[in-house]
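What's in model.pdb: PDB, C-alpha atoms
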ATOM      1  CA  MET A   1      86.097 102.697 100.645
ATOM      2  CA  ALA A   2      85.706 104.269  97.218
ATOM      3  CA  TYR A   3      87.863 107.291  96.491
ATOM      4  CA  SER A   4      87.773 109.501  93.415
ATOM      5  CA  ASN A   5      90.768 109.124  91.103
ATOM      6  CA  VAL A   6      92.275 112.398  92.260
ATOM      7  CA  ASP A   7      91.772 111.583  95.950
ATOM      8  CA  LEU A   8      93.208 108.095  95.531
ATOM      9  CA  LEU A   9      96.257 109.402  93.663
ATOM     10  CA  ALA A  10      96.749 112.225  96.200
ATOM     11  CA  ARG A  11      96.646 109.708  99.057
ATOM     12  CA  LEU A  12      99.144 107.435  97.320
ATOM     13  CA  ILE A  13     101.465 110.377  96.592
ATOM     14  CA  GLN A  14     101.394 111.480 100.223
ATOM     15  CA  CYS A  15     101.877 107.952 101.524
ATOM     16  CA  GLU A  16     104.613 106.806  99.132
ATOM     17  CA  ALA A  17     106.545 110.070  98.724
ATOM     18  CA  GLY A  18     105.245 112.691 101.158
ATOM     19  CA  GLY A  19     108.748 113.365 102.485
ATOM     20  CA  GLU A  20     110.465 113.388  99.081
ATOM     21  CA  GLY A  21     109.774 116.991  98.027
ATOM     22  CA  ASP A  22     107.810 118.156  94.998
ATOM     23  CA  ASN A  23     109.898 116.264  92.420
ATOM     24  CA  GLY A  24     109.804 113.049  94.439
ATOM     25  CA  MET A  25     106.024 113.271  94.742
ATOM     26  CA  LYS A  26     105.676 114.140  91.050
ATOM     27  CA  ALA A  27     107.860 111.170  90.113
ATOM     28  CA  VAL A  28     105.621 108.751  92.034
ATOM     29  CA  ALA A  29     102.537 110.283  90.388
ATOM     30  CA  CYS A  30     104.228 109.870  86.985
ATOM     31  CA  VAL A  31     104.850 106.172  87.625
ATOM     32  CA  VAL A  32     101.167 105.630  88.382
ATOM     33  CA  MET A  33     100.069 107.529  85.289
ATOM     34  CA  ASN A  34     102.708 105.797  83.119
ATOM     35  CA  ARG A  35     101.218 102.483  84.218
ATOM     36  CA  VAL A  36      97.725 103.702  83.330
ATOM     37  CA  GLU A  37      98.887 104.822  79.883
ATOM     38  CA  VAL A  38     101.289 102.038  78.840
ATOM     39  CA  SER A  39      99.696  99.914  76.138
ATOM     40  CA  TYR A  40     101.767  96.739  76.442
ATOM     41  CA  GLY A  41     103.098  94.315  79.049
ATOM     42  CA  GLU A  42     101.579  93.616  82.445
ATOM     43  CA  TYR A  43     100.365  97.156  83.050
ATOM     44  CA  GLY A  44      98.946  97.407  79.535
ATOM     45  CA  ARG A  45      96.053  95.317  80.821
ATOM     46  CA  LEU A  46      95.163  98.018  83.380
ATOM     47  CA  ASP A  47      93.115 101.009  82.280
ATOM     48  CA  THR A  48      92.434 103.144  85.346
ATOM     49  CA  ILE A  49      94.145 104.737  88.317
ATOM     50  CA  GLN A  50      92.055 102.491  90.573
ATOM     51  CA  GLU A  51      93.248  99.327  88.793
ATOM     52  CA  VAL A  52      96.889 100.449  88.979
ATOM     53  CA  VAL A  53      96.808 101.484  92.643
ATOM     54  CA  TYR A  54      94.885  98.435  93.835
ATOM     55  CA  GLN A  55      96.818  95.881  91.760
ATOM     56  CA  PRO A  56      97.935  93.337  94.392
ATOM     57  CA  GLY A  57     101.496  93.615  95.639
ATOM     58  CA  GLN A  58     102.371  96.887  93.919
ATOM     59  CA  PHE A  59     102.289  99.607  96.595
ATOM     60  CA  SER A  60     102.960  98.968 100.274
ATOM     61  CA  CYS A  61     100.792 101.971 101.111
ATOM     62  CA  VAL A  62      97.695 100.092  99.926
ATOM     63  CA  GLN A  63      98.338  97.256 102.375
ATOM     64  CA  GLU A  64      96.907  97.590 105.873
ATOM     65  CA  VAL A  65      98.917  94.583 107.047
ATOM     66  CA  ILE A  66     102.518  93.864 106.047
ATOM     67  CA  GLY A  67     104.349  90.819 107.347
ATOM     68  CA  GLY A  68     101.552  90.086 109.792
ATOM     69  CA  SER A  69     101.734  93.523 111.430
ATOM     70  CA  TYR A  70      99.452  96.517 111.048
ATOM     71  CA  ASN A  71     100.814  99.099 108.603
ATOM     72  CA  PRO A  72      99.795 102.542 109.886
ATOM     73  CA  GLN A  73     101.394 104.154 106.823
ATOM     74  CA  ASN A  74      98.557 103.349 104.440
ATOM     75  CA  ILE A  75      96.365 105.344 102.069
ATOM     76  CA  TYR A  76      93.340 104.926 104.326
ATOM     77  CA  ASN A  77      95.064 106.886 107.099
ATOM     78  CA  MET A  78      96.345 109.675 104.832
ATOM     79  CA  ARG A  79      94.904 113.172 104.945
ATOM     80  CA  PRO A  80      96.281 114.769 101.768
ATOM     81  CA  ASP A  81      97.122 118.458 101.688
ATOM     82  CA  GLN A  82      96.541 120.741  98.720
ATOM     83  CA  ILE A  83     100.024 120.032  97.345
ATOM     84  CA  HIS A  84      99.166 116.310  97.012
ATOM     85  CA  TYR A  85      95.964 117.132  95.117
ATOM     86  CA  ASP A  86      97.819 119.661  92.946
ATOM     87  CA  ILE A  87     100.443 117.067  91.990
ATOM     88  CA  ALA A  88      97.778 114.431  91.329
ATOM     89  CA  LEU A  89      95.937 116.827  89.005
ATOM     90  CA  TRP A  90      99.238 117.834  87.355
ATOM     91  CA  ALA A  91     100.040 114.187  86.527
ATOM     92  CA  MET A  92      96.468 113.336  85.491
ATOM     93  CA  ALA A  93      96.603 116.274  83.039
ATOM     94  CA  GLY A  94      99.456 114.507  81.207
ATOM     95  CA  ASN A  95     102.427 116.329  82.718
ATOM     96  CA  ARG A  96     105.623 114.348  83.347
ATOM     97  CA  LEU A  97     109.100 114.974  84.713
ATOM     98  CA  THR A  98     111.345 114.980  81.642
ATOM     99  CA  ASN A  99     114.281 113.263  83.362
ATOM    100  CA  LEU A 100     112.094 110.321  84.454
ATOM    101  CA  GLY A 101     111.424 108.824  81.038
ATOM    102  CA  GLN A 102     108.594 106.280  81.018
ATOM    103  CA  ALA A 103     109.385 104.867  84.469
ATOM    104  CA  LEU A 104     107.017 102.120  85.594
ATOM    105  CA  TRP A 105     108.704 101.244  88.894
ATOM    106  CA  PHE A 106     110.272 102.870  91.905
ATOM    107  CA  PHE A 107     111.577 101.646  95.210
ATOM    108  CA  ASN A 108     113.604 102.787  98.192
ATOM    109  CA  PRO A 109     116.777 100.700  98.436
ATOM    110  CA  TYR A 110     117.582 102.013 101.939
ATOM    111  CA  SER A 111     121.148 102.470 100.723
ATOM    112  CA  PRO A 112     123.023 105.065  98.673
ATOM    113  CA  ASN A 113     123.084 102.841  95.579
ATOM    114  CA  CYS A 114     120.331 101.922  93.150
ATOM    115  CA  ARG A 115     120.444  98.480  91.595
ATOM    116  CA  PRO A 116     120.854  98.476  87.808
ATOM    117  CA  ASN A 117     117.628  96.493  87.240
ATOM    118  CA  PHE A 118     114.266  96.363  89.025
ATOM    119  CA  PRO A 119     112.148  94.431  89.652
ATOM    120  CA  SER A 120     114.168  92.179  87.344
ATOM    121  CA  ALA A 121     115.561  92.520  83.824
ATOM    122  CA  VAL A 122     112.267  94.156  82.784
ATOM    123  CA  GLY A 123     113.270  97.511  84.303
ATOM    124  CA  SER A 124     116.516  99.463  84.001
ATOM    125  CA  PHE A 125     117.665 102.256  86.296
ATOM    126  CA  VAL A 126     117.021 105.765  84.987
ATOM    127  CA  ILE A 127     117.292 108.211  87.934
ATOM    128  CA  ARG A 128     117.297 108.580  91.687
ATOM    129  CA  ILE A 129     115.061 111.236  93.192
ATOM    130  CA  GLY A 130     115.364 111.582  96.941
ATOM    131  CA  ASP A 131     115.329 108.129  98.508
ATOM    132  CA  HIS A 132     113.670 106.441  95.529
ATOM    133  CA  CYS A 133     115.226 104.774  92.502
ATOM    134  CA  PHE A 134     113.180 104.871  89.270
ATOM    135  CA  TYR A 135     113.219 102.340  86.445
ATOM    136  CA  ASN A 136     112.177 102.436  82.795
ATOM    137  CA  PRO A 137     110.844  99.352  81.000
ATOM    138  CA  THR A 138     113.241  97.312  78.872
ATOM    139  CA  ALA A 139     112.320  95.285  75.804
ATOM    140  CA  ALA A 140     111.831  92.281  78.125
ATOM    141  CA  TYR A 141     108.949  94.093  79.854
ATOM    142  CA  ALA A 142     106.787  93.717  76.741
ATOM    143  CA  GLN A 143     106.745  89.955  77.366
ATOM    144  CA  THR A 144     105.216  90.278  80.847
TER     145      THR A 144
END

Written as C-alpha coordinates, that's how I'd like the structure from this file.
Amino acid sequence: MAYSNVDLLARLIQCEAGGEGDNGMKAVACVVMNRVEVSYGEYGRLDTIQEVVYQPGQFSCVQEVIGGSYNPQNIYNMRPDQIHYDIALWAMAGNRLTNLGQALWFFNPYSPNCRPNFPSAVGSFVIRIGDHCFYNPTAAYAQT
(Lines of atoms letter the chains of each structure in order from A and count residues from 1; the text may use other names and numbers.)
(Lines give C-alpha, C1' and ligand atoms only; values in the text may rest on other atoms or scores of the structure.)
Protein backbone atom coordinates (compact mmCIF):
# COMPACT_ATOMS: atom_id res chain seq x y z
CA MET A 1 0.00 0.00 0.00
CA ALA A 2 1.37 3.40 -0.95
CA TYR A 3 1.07 6.13 1.65
CA SER A 4 1.95 9.80 1.26
CA ASN A 5 5.06 10.89 3.16
CA VAL A 6 3.01 12.63 5.82
CA ASP A 7 0.65 9.67 6.26
CA LEU A 8 3.54 7.21 6.43
CA LEU A 9 5.40 9.32 9.00
CA ALA A 10 2.20 9.86 11.04
CA ARG A 11 1.57 6.11 11.10
CA LEU A 12 5.14 5.39 12.18
CA ILE A 13 4.96 8.05 14.91
CA GLN A 14 1.73 6.59 16.27
CA CYS A 15 3.02 3.03 16.10
CA GLU A 16 6.51 3.59 17.51
CA ALA A 17 5.76 6.31 20.08
CA GLY A 18 2.00 6.82 20.40
CA GLY A 19 2.15 6.39 24.18
CA GLU A 20 5.26 8.53 24.70
CA GLY A 21 3.67 12.00 24.79
CA ASP A 22 4.33 14.88 22.41
CA ASN A 23 8.10 15.00 22.97
CA GLY A 24 8.46 11.24 22.58
CA MET A 25 6.53 11.33 19.31
CA LYS A 26 8.51 14.36 18.11
CA ALA A 27 11.77 12.60 18.94
CA VAL A 28 10.85 9.58 16.81
CA ALA A 29 9.85 11.90 13.95
CA CYS A 30 13.20 13.70 14.32
CA VAL A 31 15.11 10.42 14.01
CA VAL A 32 13.34 9.63 10.75
CA MET A 33 13.98 13.09 9.35
CA ASN A 34 17.61 13.06 10.58
CA ARG A 35 18.09 9.85 8.61
CA VAL A 36 16.56 11.46 5.52
CA GLU A 37 18.85 14.48 5.84
CA VAL A 38 22.18 12.93 6.89
CA SER A 39 24.63 13.06 4.01
CA TYR A 40 27.09 10.36 5.06
CA GLY A 41 27.18 6.79 6.37
CA GLU A 42 24.54 4.14 5.84
CA TYR A 43 21.59 6.52 5.94
CA GLY A 44 23.34 8.99 3.65
CA ARG A 45 22.40 6.64 0.82
CA LEU A 46 18.68 7.12 1.57
CA ASP A 47 16.90 10.18 0.24
CA THR A 48 13.23 9.90 1.18
CA ILE A 49 10.94 9.19 4.10
CA GLN A 50 9.75 6.08 2.25
CA GLU A 51 13.30 4.74 1.88
CA VAL A 52 14.06 5.38 5.56
CA VAL A 53 10.85 3.85 6.91
CA TYR A 54 10.93 0.80 4.65
CA GLN A 55 14.66 0.09 5.03
CA PRO A 56 14.72 -3.58 6.12
CA GLY A 57 15.17 -4.26 9.82
CA GLN A 58 14.90 -0.67 11.02
CA PHE A 59 11.42 -0.27 12.55
CA SER A 60 9.46 -3.13 14.11
CA CYS A 61 6.25 -1.28 13.26
CA VAL A 62 6.86 -1.89 9.55
CA GLN A 63 7.01 -5.65 10.07
CA GLU A 64 3.74 -7.58 9.94
CA VAL A 65 5.47 -10.70 11.26
CA ILE A 66 8.10 -10.72 14.01
CA GLY A 67 9.68 -13.95 15.20
CA GLY A 68 7.19 -15.99 13.20
CA SER A 69 4.15 -14.39 14.86
CA TYR A 70 1.76 -11.77 13.53
CA ASN A 71 2.60 -8.27 14.76
CA PRO A 72 -0.70 -6.40 15.22
CA GLN A 73 1.23 -3.25 16.19
CA ASN A 74 2.18 -2.27 12.66
CA ILE A 75 1.80 0.84 10.51
CA TYR A 76 -0.83 -0.83 8.34
CA ASN A 77 -3.18 -1.14 11.32
CA MET A 78 -2.62 2.42 12.59
CA ARG A 79 -5.30 5.08 12.33
CA PRO A 80 -3.38 8.29 13.06
CA ASP A 81 -5.07 11.16 14.86
CA GLN A 82 -4.51 14.83 14.08
CA ILE A 83 -1.67 15.06 16.61
CA HIS A 84 0.32 12.43 14.66
CA TYR A 85 -0.15 14.36 11.41
CA ASP A 86 0.73 17.63 13.15
CA ILE A 87 3.98 16.17 14.49
CA ALA A 88 4.83 14.63 11.11
CA LEU A 89 4.34 18.01 9.42
CA TRP A 90 6.32 19.74 12.19
CA ALA A 91 9.31 17.44 11.62
CA MET A 92 9.03 17.54 7.81
CA ALA A 93 9.15 21.37 8.03
CA GLY A 94 12.65 21.09 9.55
CA ASN A 95 11.79 21.44 13.23
CA ARG A 96 13.82 19.42 15.75
CA LEU A 97 13.95 18.94 19.51
CA THR A 98 17.07 20.83 20.60
CA ASN A 99 18.06 18.33 23.30
CA LEU A 100 18.04 15.43 20.80
CA GLY A 101 21.02 16.47 18.71
CA GLN A 102 21.30 14.60 15.41
CA ALA A 103 19.99 11.29 16.78
CA LEU A 104 19.76 8.53 14.19
CA TRP A 105 18.63 5.70 16.48
CA PHE A 106 16.24 4.99 19.29
CA PHE A 107 15.14 1.91 21.14
CA ASN A 108 13.24 0.83 24.22
CA PRO A 109 15.58 -1.02 26.58
CA TYR A 110 12.70 -2.26 28.76
CA SER A 111 14.80 -1.24 31.75
CA PRO A 112 15.56 2.01 33.57
CA ASN A 113 19.04 2.26 32.04
CA CYS A 114 20.12 3.18 28.53
CA ARG A 115 23.22 1.51 27.16
CA PRO A 116 26.08 3.91 26.37
CA ASN A 117 26.25 2.84 22.70
CA PHE A 118 23.65 1.70 20.16
CA PRO A 119 23.42 -0.13 17.87
CA SER A 120 27.18 -0.45 18.35
CA ALA A 121 30.06 2.01 18.63
CA VAL A 122 28.48 4.03 15.79
CA GLY A 123 25.92 5.62 18.14
CA SER A 124 26.39 7.22 21.55
CA PHE A 125 23.66 7.88 24.10
CA VAL A 126 22.32 11.43 24.12
CA ILE A 127 18.96 11.44 25.98
CA ARG A 128 16.10 9.33 27.24
CA ILE A 129 12.58 10.48 26.44
CA GLY A 130 9.86 8.36 27.97
CA ASP A 131 10.70 4.70 27.42
CA HIS A 132 13.07 5.34 24.52
CA CYS A 133 16.81 5.94 24.52
CA PHE A 134 18.19 8.13 21.70
CA TYR A 135 21.64 7.98 20.14
CA ASN A 136 23.73 10.40 18.10
CA PRO A 137 26.19 9.21 15.45
CA THR A 138 29.86 8.92 16.38
CA ALA A 139 32.80 9.34 14.02
CA ALA A 140 32.66 5.56 13.43
CA TYR A 141 29.20 5.94 11.87
CA ALA A 142 30.70 7.69 8.84
CA GLN A 143 32.38 4.40 7.91
CA THR A 144 29.10 2.48 7.69

Here is a test: counting all atoms listed in the file, which residue of A:Phe125, A:Trp90, A:Tyr70, A:Trp105 is nearest to Val31 in chain A?
A:Trp105

Selected by the PyMOL selection byres ((chain A and resi 126) around 12) in the shown coordinates: which residues, as a list of chain:residue names?
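Given this file, the PyMOL selection byres ((chain A and resi 126) around 12) evaluates to A:Ala27, A:Thr98, A:Asn99, A:Leu100, A:Gly101, A:Gln102, A:Ala103, A:Leu104, A:Trp105, A:Phe106, A:Cys114, A:Arg115, A:Pro116, A:Asn117, A:Phe118, A:Gly123, A:Ser124, A:Phe125, A:Ile127, A:Arg128, A:Ile129, A:His132, A:Cys133, A:Phe134, A:Tyr135, A:Asn136, A:Pro137, A:Thr138.
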
Could you tell me how far CA of Gln50 in chain A sits from CA of Tyr3 in chain A, in Å to one decimal place?
8.7 Å

Write out as a list in words each polymer residue whose atoms come within 10 Å of Gly94 in chain A, counting all atoms listed in the file; drop sequence neighbours fewer than 5 positions from it.
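Here the qualifying residues turn out to be Cys30, Met33, Asn34, Glu37 and Leu89 of chain A.
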
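One distance worth recording is that between CA of Pro80 in chain A and CA of Ala10 in chain A, which is 6.1 Å.
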
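CA of Val53 in chain A sits 16.6 Å away from CA of Gly41 in chain A.
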
What would the file be for range 97-137 of chain A if you keep N, CA and C atoms and write it as a PDB file, in the first residue's frame?
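decode.pdb was written with the following content:
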ATOM      1  N   LEU A  97      13.788  18.740  18.068  1.00  0.00           N
ATOM      2  CA  LEU A  97      13.952  18.936  19.505  1.00  0.00           C
ATOM      3  C   LEU A  97      15.418  19.272  19.756  1.00  0.00           C
ATOM      4  N   THR A  98      15.679  20.378  20.431  1.00  0.00           N
ATOM      5  CA  THR A  98      17.065  20.830  20.600  1.00  0.00           C
ATOM      6  C   THR A  98      17.896  19.894  21.464  1.00  0.00           C
ATOM      7  N   ASN A  99      17.279  19.199  22.405  1.00  0.00           N
ATOM      8  CA  ASN A  99      18.057  18.327  23.297  1.00  0.00           C
ATOM      9  C   ASN A  99      18.334  16.952  22.687  1.00  0.00           C
ATOM     10  N   LEU A 100      17.879  16.723  21.456  1.00  0.00           N
ATOM     11  CA  LEU A 100      18.039  15.428  20.802  1.00  0.00           C
ATOM     12  C   LEU A 100      19.310  15.347  19.957  1.00  0.00           C
ATOM     13  N   GLY A 101      19.862  16.478  19.585  1.00  0.00           N
ATOM     14  CA  GLY A 101      21.025  16.468  18.714  1.00  0.00           C
ATOM     15  C   GLY A 101      20.653  15.975  17.330  1.00  0.00           C
ATOM     16  N   GLN A 102      21.521  15.167  16.747  1.00  0.00           N
ATOM     17  CA  GLN A 102      21.296  14.601  15.408  1.00  0.00           C
ATOM     18  C   GLN A 102      20.992  13.109  15.505  1.00  0.00           C
ATOM     19  N   ALA A 103      20.249  12.711  16.516  1.00  0.00           N
ATOM     20  CA  ALA A 103      19.990  11.294  16.779  1.00  0.00           C
ATOM     21  C   ALA A 103      19.514  10.547  15.534  1.00  0.00           C
ATOM     22  N   LEU A 104      20.125   9.392  15.310  1.00  0.00           N
ATOM     23  CA  LEU A 104      19.762   8.528  14.187  1.00  0.00           C
ATOM     24  C   LEU A 104      19.136   7.216  14.649  1.00  0.00           C
ATOM     25  N   TRP A 105      19.167   6.956  15.956  1.00  0.00           N
ATOM     26  CA  TRP A 105      18.633   5.705  16.478  1.00  0.00           C
ATOM     27  C   TRP A 105      17.870   5.950  17.771  1.00  0.00           C
ATOM     28  N   PHE A 106      16.925   5.057  18.015  1.00  0.00           N
ATOM     29  CA  PHE A 106      16.238   4.995  19.294  1.00  0.00           C
ATOM     30  C   PHE A 106      15.849   3.548  19.547  1.00  0.00           C
ATOM     31  N   PHE A 107      15.701   3.212  20.806  1.00  0.00           N
ATOM     32  CA  PHE A 107      15.143   1.911  21.140  1.00  0.00           C
ATOM     33  C   PHE A 107      14.643   1.937  22.581  1.00  0.00           C
ATOM     34  N   ASN A 108      13.777   0.993  22.885  1.00  0.00           N
ATOM     35  CA  ASN A 108      13.237   0.833  24.224  1.00  0.00           C
ATOM     36  C   ASN A 108      14.012  -0.289  24.894  1.00  0.00           C
ATOM     37  N   PRO A 109      14.776   0.019  25.937  1.00  0.00           N
ATOM     38  CA  PRO A 109      15.584  -1.023  26.576  1.00  0.00           C
ATOM     39  C   PRO A 109      14.781  -1.903  27.543  1.00  0.00           C
ATOM     40  N   TYR A 110      13.534  -1.538  27.794  1.00  0.00           N
ATOM     41  CA  TYR A 110      12.697  -2.264  28.760  1.00  0.00           C
ATOM     42  C   TYR A 110      13.393  -2.385  30.100  1.00  0.00           C
ATOM     43  N   SER A 111      14.126  -1.338  30.461  1.00  0.00           N
ATOM     44  CA  SER A 111      14.795  -1.241  31.753  1.00  0.00           C
ATOM     45  C   SER A 111      15.010   0.243  32.033  1.00  0.00           C
ATOM     46  N   PRO A 112      15.357   0.593  33.257  1.00  0.00           N
ATOM     47  CA  PRO A 112      15.557   2.009  33.571  1.00  0.00           C
ATOM     48  C   PRO A 112      16.846   2.603  33.007  1.00  0.00           C
ATOM     49  N   ASN A 113      17.732   1.777  32.503  1.00  0.00           N
ATOM     50  CA  ASN A 113      19.036   2.263  32.035  1.00  0.00           C
ATOM     51  C   ASN A 113      19.160   2.171  30.525  1.00  0.00           C
ATOM     52  N   CYS A 114      19.791   3.183  29.954  1.00  0.00           N
ATOM     53  CA  CYS A 114      20.121   3.181  28.528  1.00  0.00           C
ATOM     54  C   CYS A 114      21.566   2.737  28.378  1.00  0.00           C
ATOM     55  N   ARG A 115      21.841   1.896  27.382  1.00  0.00           N
ATOM     56  CA  ARG A 115      23.225   1.514  27.161  1.00  0.00           C
ATOM     57  C   ARG A 115      23.999   2.703  26.602  1.00  0.00           C
ATOM     58  N   PRO A 116      25.296   2.760  26.818  1.00  0.00           N
ATOM     59  CA  PRO A 116      26.079   3.910  26.368  1.00  0.00           C
ATOM     60  C   PRO A 116      26.209   4.000  24.849  1.00  0.00           C
ATOM     61  N   ASN A 117      26.126   2.854  24.159  1.00  0.00           N
ATOM     62  CA  ASN A 117      26.252   2.836  22.698  1.00  0.00           C
ATOM     63  C   ASN A 117      25.125   2.015  22.079  1.00  0.00           C
ATOM     64  N   PHE A 118      24.677   2.428  20.898  1.00  0.00           N
ATOM     65  CA  PHE A 118      23.652   1.698  20.158  1.00  0.00           C
ATOM     66  C   PHE A 118      23.671   2.157  18.713  1.00  0.00           C
ATOM     67  N   PRO A 119      23.517   1.322  17.756  1.00  0.00           N
ATOM     68  CA  PRO A 119      23.416  -0.129  17.874  1.00  0.00           C
ATOM     69  C   PRO A 119      24.763  -0.775  18.148  1.00  0.00           C
ATOM     70  N   SER A 120      25.817  -0.015  18.011  1.00  0.00           N
ATOM     71  CA  SER A 120      27.178  -0.454  18.349  1.00  0.00           C
ATOM     72  C   SER A 120      27.965   0.815  18.649  1.00  0.00           C
ATOM     73  N   ALA A 121      29.245   0.826  18.376  1.00  0.00           N
ATOM     74  CA  ALA A 121      30.059   2.009  18.629  1.00  0.00           C
ATOM     75  C   ALA A 121      29.739   3.163  17.676  1.00  0.00           C
ATOM     76  N   VAL A 122      28.824   2.962  16.735  1.00  0.00           N
ATOM     77  CA  VAL A 122      28.482   4.027  15.793  1.00  0.00           C
ATOM     78  C   VAL A 122      27.500   5.038  16.384  1.00  0.00           C
ATOM     79  N   GLY A 123      26.855   4.691  17.501  1.00  0.00           N
ATOM     80  CA  GLY A 123      25.922   5.617  18.135  1.00  0.00           C
ATOM     81  C   GLY A 123      26.208   5.761  19.611  1.00  0.00           C
ATOM     82  N   SER A 124      26.164   6.993  20.122  1.00  0.00           N
ATOM     83  CA  SER A 124      26.388   7.220  21.549  1.00  0.00           C
ATOM     84  C   SER A 124      25.142   7.857  22.172  1.00  0.00           C
ATOM     85  N   PHE A 125      24.853   7.434  23.390  1.00  0.00           N
ATOM     86  CA  PHE A 125      23.660   7.878  24.100  1.00  0.00           C
ATOM     87  C   PHE A 125      23.634   9.395  24.239  1.00  0.00           C
ATOM     88  N   VAL A 126      22.461   9.993  23.962  1.00  0.00           N
ATOM     89  CA  VAL A 126      22.321  11.434  24.124  1.00  0.00           C
ATOM     90  C   VAL A 126      21.217  11.784  25.127  1.00  0.00           C
ATOM     91  N   ILE A 127      20.062  11.087  25.081  1.00  0.00           N
ATOM     92  CA  ILE A 127      18.959  11.436  25.979  1.00  0.00           C
ATOM     93  C   ILE A 127      17.936  10.307  26.016  1.00  0.00           C
ATOM     94  N   ARG A 128      17.245  10.237  27.120  1.00  0.00           N
ATOM     95  CA  ARG A 128      16.096   9.331  27.242  1.00  0.00           C
ATOM     96  C   ARG A 128      14.851  10.191  27.264  1.00  0.00           C
ATOM     97  N   ILE A 129      13.879   9.811  26.454  1.00  0.00           N
ATOM     98  CA  ILE A 129      12.583  10.485  26.441  1.00  0.00           C
ATOM     99  C   ILE A 129      11.540   9.390  26.584  1.00  0.00           C
ATOM    100  N   GLY A 130      10.826   9.412  27.695  1.00  0.00           N
ATOM    101  CA  GLY A 130       9.862   8.356  27.968  1.00  0.00           C
ATOM    102  C   GLY A 130      10.587   7.031  28.089  1.00  0.00           C
ATOM    103  N   ASP A 131      10.101   6.024  27.372  1.00  0.00           N
ATOM    104  CA  ASP A 131      10.701   4.699  27.423  1.00  0.00           C
ATOM    105  C   ASP A 131      11.827   4.498  26.415  1.00  0.00           C
ATOM    106  N   HIS A 132      12.092   5.498  25.586  1.00  0.00           N
ATOM    107  CA  HIS A 132      13.072   5.342  24.517  1.00  0.00           C
ATOM    108  C   HIS A 132      14.396   6.054  24.813  1.00  0.00           C
ATOM    109  N   CYS A 133      15.469   5.381  24.445  1.00  0.00           N
ATOM    110  CA  CYS A 133      16.813   5.939  24.519  1.00  0.00           C
ATOM    111  C   CYS A 133      17.198   6.392  23.110  1.00  0.00           C
ATOM    112  N   PHE A 134      17.815   7.561  22.997  1.00  0.00           N
ATOM    113  CA  PHE A 134      18.186   8.130  21.698  1.00  0.00           C
ATOM    114  C   PHE A 134      19.701   8.258  21.599  1.00  0.00           C
ATOM    115  N   TYR A 135      20.202   8.062  20.367  1.00  0.00           N
ATOM    116  CA  TYR A 135      21.639   7.976  20.137  1.00  0.00           C
ATOM    117  C   TYR A 135      22.064   8.817  18.944  1.00  0.00           C
ATOM    118  N   ASN A 136      23.120   9.598  19.154  1.00  0.00           N
ATOM    119  CA  ASN A 136      23.730  10.405  18.098  1.00  0.00           C
ATOM    120  C   ASN A 136      24.832   9.605  17.415  1.00  0.00           C
ATOM    121  N   PRO A 137      25.108   9.911  16.144  1.00  0.00           N
ATOM    122  CA  PRO A 137      26.192   9.209  15.450  1.00  0.00           C
ATOM    123  C   PRO A 137      27.556   9.615  16.000  1.00  0.00           C
TER     124      PRO A 137
END
